[in-house]
Amino acid sequence: MDEHDFLTERFAADRTHLVAVAYRMLGSLSEAEDAVQEAWLRARRAGTEGVENLTGWLTTVVARVCLNMLRSRQSRREDPWDAGVPEPPIGSESGGDPEEEALLADSVGVALLVVLDTLTPAERLAFVLHDMFTVPFDEIGPMLERSPVAVRQLASRARRRIKGGTPAPDADMIRQREAVEAFLAATRGGNFDALVSLLHPDVVLTADPSVIPTPEPVVVSGAATVAKGAMAATGRARFTGLALLDGRIGLAMAPRGRLSLVLAFTITEDGITAIDVIADRERLGRMDLAVLDD
């Protein structure tokens, strides 16, 4: 077997791992696949002479490609997602499989993808490679042109941002989590009766003008009315997950890892009494969003 055939075989064997690394770096399946393809072209040009740990080397190549993509994304300051779009802009036109994308988002955690998107490229690379794929700091350092100590600090900052001010579990938090998990499951499953059972009969849902372009917030009330609206969001619920929103358990929607909107709940012993749907960029920017512990 010549070097090209050997590299082709090994790259194919490592492809799932490499896509996993790139997806956590970029938050988008189509971008992750693009990054892995670019890494393949670079690896083929460079050759494998002198490489002892091929999987580690390929991981490094993919990480460098992703780092460049993140830096380019940050310099453009582009936000391609319109919070008012009724369905996630993912489909054949983006080159991604929406079902596979949704499964990946679930496996990684929507809230984690959202918080990762708030990190600097260097913080994200340090955290993803070290904390999620156990790459040593001294191997990450050359990618960022920083010392292992500096990379350790980057990962630590990222870790603190991801965890946020996670409150200690209590009875109220447990009730919140159970209700929000049930709301998401019923929405994803299109289970109207289950949704109605979770909602207080006089529940009020308020959506800010960025959710549905209107001069004033949209307000609807009543369990049946709110549940019908949730049924229309079944597709969007695939890219939605639990998150801590200012210390309370809510839902974050993030197609391709970019935060689009959140749902904040008021929950009492009588069920969900209020839902606040927030898509305004300023409000989202002021919100302390963190990953919920398992």
# chains A, B, ... in the order shown; residues from 1 in each chain; ligands from 1

call {"tool": "residues_around", "arguments": {"residues": "Asp193 in chain A", "least_positions_apart": "6", "cutoff": "12 Å", "atoms": "only C-alpha atoms", "output": "list of chain:residue names"}}
result
A:Ala182, A:Phe183, A:Ala186, A:Thr187, A:Leu199, A:Ala223, A:Ala224, A:Val226, A:Ala227, A:Lys228, A:Ala230, A:Met231

call {"tool": "write_last_selection", "arguments": {"atoms": "N, CA and C atoms", "output": "CSV table (one decimal), in the first residue's frame"}}
result
chain,number,residue,atom,x,y,z
A,182,ALA,N,-40.8,18.2,29.6
A,182,ALA,CA,-42.1,17.7,29.1
A,182,ALA,C,-42.7,18.6,28.0
A,183,PHE,N,-42.5,19.9,28.2
A,183,PHE,CA,-43.0,20.9,27.2
A,183,PHE,C,-42.2,20.6,25.9
A,186,ALA,N,-43.3,17.2,24.3
A,186,ALA,CA,-44.6,17.3,23.7
A,186,ALA,C,-44.6,18.1,22.4
A,187,THR,N,-43.8,19.2,22.4
A,187,THR,CA,-43.7,20.0,21.2
A,187,THR,C,-43.1,19.2,20.0
A,199,LEU,N,-50.0,23.2,30.7
A,199,LEU,CA,-50.2,24.6,30.7
A,199,LEU,C,-51.4,25.0,31.7
A,223,ALA,N,-54.7,27.9,27.4
A,223,ALA,CA,-53.9,26.7,27.2
A,223,ALA,C,-54.1,26.2,25.7
A,224,ALA,N,-55.3,26.1,25.2
A,224,ALA,CA,-55.5,25.6,23.9
A,224,ALA,C,-54.8,26.5,22.8
A,226,VAL,N,-52.3,28.6,23.2
A,226,VAL,CA,-50.8,28.5,23.3
A,226,VAL,C,-50.3,27.2,22.7
A,227,ALA,N,-51.1,26.1,23.1
A,227,ALA,CA,-50.6,24.8,22.6
A,227,ALA,C,-50.7,24.7,21.1
A,228,LYS,N,-51.7,25.3,20.4
A,228,LYS,CA,-51.8,25.3,19.0
A,228,LYS,C,-50.6,26.0,18.4
A,230,ALA,N,-47.7,26.2,19.7
A,230,ALA,CA,-46.5,25.4,19.9
A,230,ALA,C,-46.5,24.3,18.8
A,231,MET,N,-47.7,23.8,18.5
A,231,MET,CA,-47.7,22.8,17.4
A,231,MET,C,-47.1,23.2,16.1

call {"tool": "residues_around", "arguments": {"residues": "Asp5 in chain A", "least_positions_apart": "6", "cutoff": "12 Å", "atoms": "only C-alpha atoms", "output": "PDB file with C-alpha atoms, in the first residue's frame"}}
result
ATOM      1  CA  PHE A  11      -8.701   9.381   6.854  1.00  0.00           C
ATOM      2  CA  ALA A  12     -11.859   7.424   6.057  1.00  0.00           C
ATOM      3  CA  ARG A  44      -2.867  14.936   1.106  1.00  0.00           C
ATOM      4  CA  GLY A  47       1.975  13.806   3.267  1.00  0.00           C
ATOM      5  CA  THR A  48       2.468  11.684   6.368  1.00  0.00           C
TER       6      THR A  48
END

call {"tool": "closest_residue", "arguments": {"among": "A:Asn53, A:Thr60, A:Gln74, A:Asn191", "to": "Thr118 in chain A", "atoms": "only C-alpha atoms"}}
result
A:Gln74

call {"tool": "closest_residue", "arguments": {"among": "A:Leu29, A:Ala43, A:Leu119, A:Val277", "to": "Arg10 in chain A", "atoms": "only C-alpha atoms"}}
result
A:Ala43

call {"tool": "closest_residue", "arguments": {"among": "A:Pro215, A:Ala155, A:Arg45, A:Gly229", "to": "Met132 in chain A", "atoms": "only C-alpha atoms"}}
result
A:Ala155

call {"tool": "select_by_dssp", "arguments": {"residues": "range 34-215 of chain A", "states": "alpha helix (DSSP H)", "output": "MDAnalysis selection string"}}
result
chainID A and resid 34:46 54:76 98:108 110:116 121:127 133 137:144 148:163 171:189 192:198

call {"tool": "residues_around", "arguments": {"residues": "Glu31 in chain A", "least_positions_apart": "4", "cutoff": "9 Å", "atoms": "only C-alpha atoms", "output": "list in words"}}
result
Ala22, Tyr23, Leu26, Gly27, Ala35, Val36, Cys66, Met69, Gly95 and Gly96 of chain A

call {"tool": "residues_around", "arguments": {"residues": "range 239-255 of chain A", "least_positions_apart": "4", "cutoff": "9 Å", "atoms": "only C-alpha atoms", "output": "PyMOL selection string"}}
result
chain A and resi 27-28+81+88-90+101-103+105-106+109-114+164-167+173+176-177+180-181+184+235+259-265+287-292

call {"tool": "closest_residue", "arguments": {"among": "A:Ile162, A:Val62, A:Val211, A:Val115", "to": "Met143 in chain A", "atoms": "only C-alpha atoms"}}
result
A:Val62

call {"tool": "select_by_dssp", "arguments": {"residues": "range 13-240 of chain A", "states": "strand (DSSP E or B)", "output": "ChimeraX atom specification"}}
result
/A:199-207,218-221,240

call {"tool": "write_last_selection", "arguments": {"atoms": "N, CA and C atoms", "output": "mmCIF file, in the first residue's frame"}}
result
data_model
loop_
_atom_site.group_PDB
_atom_site.id
_atom_site.type_symbol
_atom_site.label_atom_id
_atom_site.label_comp_id
_atom_site.auth_asym_id
_atom_site.auth_seq_id
_atom_site.Cartn_x
_atom_site.Cartn_y
_atom_site.Cartn_z
ATOM 1 N N LEU A 199 -49.973 23.213 30.657
ATOM 2 C CA LEU A 199 -50.230 24.644 30.708
ATOM 3 C C LEU A 199 -51.364 24.975 31.673
ATOM 4 N N HIS A 200 -51.198 26.061 32.400
ATOM 5 C CA HIS A 200 -52.303 26.584 33.214
ATOM 6 C C HIS A 200 -53.408 27.031 32.259
ATOM 7 N N PRO A 201 -54.671 26.846 32.630
ATOM 8 C CA PRO A 201 -55.758 27.247 31.713
ATOM 9 C C PRO A 201 -55.667 28.689 31.241
ATOM 10 N N ASP A 202 -55.112 29.572 32.079
ATOM 11 C CA ASP A 202 -55.008 30.994 31.715
ATOM 12 C C ASP A 202 -53.576 31.394 31.359
ATOM 13 N N VAL A 203 -52.784 30.444 30.891
ATOM 14 C CA VAL A 203 -51.405 30.744 30.545
ATOM 15 C C VAL A 203 -51.338 31.885 29.534
ATOM 16 N N VAL A 204 -50.288 32.723 29.664
ATOM 17 C CA VAL A 204 -50.085 33.854 28.761
ATOM 18 C C VAL A 204 -48.726 33.700 28.084
ATOM 19 N N LEU A 205 -48.729 33.752 26.770
ATOM 20 C CA LEU A 205 -47.480 33.723 26.010
ATOM 21 C C LEU A 205 -47.253 35.090 25.386
ATOM 22 N N THR A 206 -46.042 35.625 25.586
ATOM 23 C CA THR A 206 -45.671 36.923 25.020
ATOM 24 C C THR A 206 -44.455 36.740 24.122
ATOM 25 N N ALA A 207 -44.571 37.170 22.876
ATOM 26 C CA ALA A 207 -43.463 37.087 21.924
ATOM 27 C C ALA A 207 -43.034 38.496 21.538
ATOM 28 N N VAL A 218 -46.475 40.338 20.617
ATOM 29 C CA VAL A 218 -47.672 39.537 20.405
ATOM 30 C C VAL A 218 -48.002 38.811 21.698
ATOM 31 N N VAL A 219 -49.243 38.917 22.138
ATOM 32 C CA VAL A 219 -49.666 38.275 23.386
ATOM 33 C C VAL A 219 -50.853 37.368 23.088
ATOM 34 N N VAL A 220 -50.745 36.104 23.476
ATOM 35 C CA VAL A 220 -51.858 35.165 23.341
ATOM 36 C C VAL A 220 -52.067 34.491 24.687
ATOM 37 N N SER A 221 -53.274 34.091 24.960
ATOM 38 C CA SER A 221 -53.573 33.481 26.255
ATOM 39 C C SER A 221 -54.499 32.288 26.081
ATOM 40 N N THR A 240 -33.846 22.837 19.450
ATOM 41 C CA THR A 240 -34.083 23.526 20.714
ATOM 42 C C THR A 240 -33.683 22.608 21.859
#

call {"tool": "residues_around", "arguments": {"residues": "Arg152 in chain A", "least_positions_apart": "2", "cutoff": "10 Å", "atoms": "only C-alpha atoms", "output": "list in words"}}
result
Glu123, Ala126, Phe127, His130, Pro136, Phe137, Asp138, Ile140, Gly141, Arg146, Ser147, Pro148, Val149, Ala150, Leu154, Ala155, Ser156, Arg157 and Ala158 of chain A

call {"tool": "decode", "arguments": {"residues": "range 165-212 of chain A", "atoms": "N, CA and C atoms", "output": "mmCIF file, in the first residue's frame"}}
result
data_model
loop_
_atom_site.group_PDB
_atom_site.id
_atom_site.type_symbol
_atom_site.label_atom_id
_atom_site.label_comp_id
_atom_site.auth_asym_id
_atom_site.auth_seq_id
_atom_site.Cartn_x
_atom_site.Cartn_y
_atom_site.Cartn_z
ATOM 1 N N GLY A 165 -23.282 30.623 36.508
ATOM 2 C CA GLY A 165 -23.559 30.551 37.942
ATOM 3 C C GLY A 165 -24.593 29.477 38.208
ATOM 4 N N THR A 166 -24.241 28.220 37.923
ATOM 5 C CA THR A 166 -25.200 27.128 38.047
ATOM 6 C C THR A 166 -25.706 27.015 39.476
ATOM 7 N N PRO A 167 -27.018 27.189 39.700
ATOM 8 C CA PRO A 167 -27.554 27.111 41.052
ATOM 9 C C PRO A 167 -27.606 25.680 41.565
ATOM 10 N N ALA A 168 -27.587 25.545 42.873
ATOM 11 C CA ALA A 168 -27.705 24.214 43.470
ATOM 12 C C ALA A 168 -29.114 23.686 43.240
ATOM 13 N N PRO A 169 -29.250 22.374 43.002
ATOM 14 C CA PRO A 169 -30.581 21.806 42.767
ATOM 15 C C PRO A 169 -31.489 21.998 43.979
ATOM 16 N N ASP A 170 -32.730 22.321 43.747
ATOM 17 C CA ASP A 170 -33.718 22.365 44.810
ATOM 18 C C ASP A 170 -35.050 21.912 44.229
ATOM 19 N N ALA A 171 -36.048 21.848 45.077
ATOM 20 C CA ALA A 171 -37.340 21.329 44.627
ATOM 21 C C ALA A 171 -37.909 22.160 43.492
ATOM 22 N N ASP A 172 -37.735 23.489 43.563
ATOM 23 C CA ASP A 172 -38.287 24.346 42.520
ATOM 24 C C ASP A 172 -37.578 24.110 41.190
ATOM 25 N N MET A 173 -36.246 23.940 41.231
ATOM 26 C CA MET A 173 -35.494 23.692 40.004
ATOM 27 C C MET A 173 -35.878 22.346 39.394
ATOM 28 N N ILE A 174 -36.107 21.364 40.247
ATOM 29 C CA ILE A 174 -36.521 20.057 39.745
ATOM 30 C C ILE A 174 -37.868 20.161 39.042
ATOM 31 N N ARG A 175 -38.795 20.906 39.642
ATOM 32 C CA ARG A 175 -40.111 21.093 39.027
ATOM 33 C C ARG A 175 -39.991 21.839 37.706
ATOM 34 N N GLN A 176 -39.147 22.873 37.673
ATOM 35 C CA GLN A 176 -38.931 23.614 36.433
ATOM 36 C C GLN A 176 -38.421 22.683 35.334
ATOM 37 N N ARG A 177 -37.409 21.897 35.691
ATOM 38 C CA ARG A 177 -36.793 21.029 34.685
ATOM 39 C C ARG A 177 -37.789 20.010 34.149
ATOM 40 N N GLU A 178 -38.537 19.395 35.034
ATOM 41 C CA GLU A 178 -39.520 18.396 34.593
ATOM 42 C C GLU A 178 -40.554 19.020 33.666
ATOM 43 N N ALA A 179 -41.012 20.226 34.005
ATOM 44 C CA ALA A 179 -42.033 20.877 33.189
ATOM 45 C C ALA A 179 -41.478 21.283 31.822
ATOM 46 N N VAL A 180 -40.278 21.842 31.813
ATOM 47 C CA VAL A 180 -39.686 22.305 30.550
ATOM 48 C C VAL A 180 -39.325 21.114 29.664
ATOM 49 N N GLU A 181 -38.777 20.053 30.256
ATOM 50 C CA GLU A 181 -38.480 18.852 29.476
ATOM 51 C C GLU A 181 -39.754 18.275 28.859
ATOM 52 N N ALA A 182 -40.827 18.242 29.644
ATOM 53 C CA ALA A 182 -42.094 17.714 29.138
ATOM 54 C C ALA A 182 -42.655 18.605 28.033
ATOM 55 N N PHE A 183 -42.510 19.928 28.187
ATOM 56 C CA PHE A 183 -42.976 20.871 27.162
ATOM 57 C C PHE A 183 -42.224 20.638 25.858
ATOM 58 N N LEU A 184 -40.906 20.472 25.931
ATOM 59 C CA LEU A 184 -40.110 20.255 24.722
ATOM 60 C C LEU A 184 -40.471 18.921 24.076
ATOM 61 N N ALA A 185 -40.612 17.878 24.881
ATOM 62 C CA ALA A 185 -40.946 16.562 24.337
ATOM 63 C C ALA A 185 -42.313 16.580 23.652
ATOM 64 N N ALA A 186 -43.286 17.246 24.266
ATOM 65 C CA ALA A 186 -44.625 17.307 23.672
ATOM 66 C C ALA A 186 -44.607 18.125 22.384
ATOM 67 N N THR A 187 -43.815 19.190 22.364
ATOM 68 C CA THR A 187 -43.723 20.014 21.155
ATOM 69 C C THR A 187 -43.064 19.245 20.023
ATOM 70 N N ARG A 188 -41.946 18.580 20.340
ATOM 71 C CA ARG A 188 -41.263 17.792 19.311
ATOM 72 C C ARG A 188 -42.155 16.674 18.789
ATOM 73 N N GLY A 189 -42.942 16.074 19.678
ATOM 74 C CA GLY A 189 -43.785 14.960 19.288
ATOM 75 C C GLY A 189 -45.130 15.354 18.724
ATOM 76 N N GLY A 190 -45.423 16.669 18.730
ATOM 77 C CA GLY A 190 -46.709 17.125 18.224
ATOM 78 C C GLY A 190 -47.879 16.629 19.057
ATOM 79 N N ASN A 191 -47.647 16.492 20.369
ATOM 80 C CA ASN A 191 -48.668 15.946 21.269
ATOM 81 C C ASN A 191 -49.468 17.091 21.892
ATOM 82 N N PHE A 192 -50.561 17.445 21.238
ATOM 83 C CA PHE A 192 -51.367 18.591 21.669
ATOM 84 C C PHE A 192 -51.930 18.388 23.072
ATOM 85 N N ASP A 193 -52.482 17.229 23.348
ATOM 86 C CA ASP A 193 -53.097 16.990 24.648
ATOM 87 C C ASP A 193 -52.080 17.068 25.777
ATOM 88 N N ALA A 194 -50.869 16.537 25.532
ATOM 89 C CA ALA A 194 -49.825 16.610 26.554
ATOM 90 C C ALA A 194 -49.432 18.051 26.834
ATOM 91 N N LEU A 195 -49.367 18.867 25.779
ATOM 92 C CA LEU A 195 -49.039 20.282 25.958
ATOM 93 C C LEU A 195 -50.093 20.991 26.794
ATOM 94 N N VAL A 196 -51.348 20.770 26.453
ATOM 95 C CA VAL A 196 -52.432 21.417 27.187
ATOM 96 C C VAL A 196 -52.382 21.044 28.671
ATOM 97 N N SER A 197 -52.050 19.787 28.954
ATOM 98 C CA SER A 197 -52.009 19.340 30.344
ATOM 99 C C SER A 197 -50.898 20.017 31.143
ATOM 100 N N LEU A 198 -49.861 20.501 30.452
ATOM 101 C CA LEU A 198 -48.749 21.169 31.137
ATOM 102 C C LEU A 198 -49.042 22.644 31.410
ATOM 103 N N LEU A 199 -49.973 23.213 30.657
ATOM 104 C CA LEU A 199 -50.230 24.644 30.708
ATOM 105 C C LEU A 199 -51.364 24.975 31.673
ATOM 106 N N HIS A 200 -51.198 26.061 32.400
ATOM 107 C CA HIS A 200 -52.303 26.584 33.214
ATOM 108 C C HIS A 200 -53.408 27.031 32.259
ATOM 109 N N PRO A 201 -54.671 26.846 32.630
ATOM 110 C CA PRO A 201 -55.758 27.247 31.713
ATOM 111 C C PRO A 201 -55.667 28.689 31.241
ATOM 112 N N ASP A 202 -55.112 29.572 32.079
ATOM 113 C CA ASP A 202 -55.008 30.994 31.715
ATOM 114 C C ASP A 202 -53.576 31.394 31.359
ATOM 115 N N VAL A 203 -52.784 30.444 30.891
ATOM 116 C CA VAL A 203 -51.405 30.744 30.545
ATOM 117 C C VAL A 203 -51.338 31.885 29.534
ATOM 118 N N VAL A 204 -50.288 32.723 29.664
ATOM 119 C CA VAL A 204 -50.085 33.854 28.761
ATOM 120 C C VAL A 204 -48.726 33.700 28.084
ATOM 121 N N LEU A 205 -48.729 33.752 26.770
ATOM 122 C CA LEU A 205 -47.480 33.723 26.010
ATOM 123 C C LEU A 205 -47.253 35.090 25.386
ATOM 124 N N THR A 206 -46.042 35.625 25.586
ATOM 125 C CA THR A 206 -45.671 36.923 25.020
ATOM 126 C C THR A 206 -44.455 36.740 24.122
ATOM 127 N N ALA A 207 -44.571 37.170 22.876
ATOM 128 C CA ALA A 207 -43.463 37.087 21.924
ATOM 129 C C ALA A 207 -43.034 38.496 21.538
ATOM 130 N N ASP A 208 -41.738 38.791 21.699
ATOM 131 C CA ASP A 208 -41.302 40.155 21.396
ATOM 132 C C ASP A 208 -41.343 40.416 19.889
ATOM 133 N N PRO A 209 -41.285 41.675 19.472
ATOM 134 C CA PRO A 209 -41.439 42.015 18.046
ATOM 135 C C PRO A 209 -40.399 41.395 17.123
ATOM 136 N N SER A 210 -39.278 40.903 17.682
ATOM 137 C CA SER A 210 -38.264 40.260 16.846
ATOM 138 C C SER A 210 -38.638 38.828 16.486
ATOM 139 N N VAL A 211 -39.568 38.239 17.233
ATOM 140 C CA VAL A 211 -40.002 36.876 16.933
ATOM 141 C C VAL A 211 -40.907 36.880 15.714
ATOM 142 N N ILE A 212 -41.924 37.722 15.771
ATOM 143 C CA ILE A 212 -42.845 37.915 14.652
ATOM 144 C C ILE A 212 -42.841 39.410 14.362
#
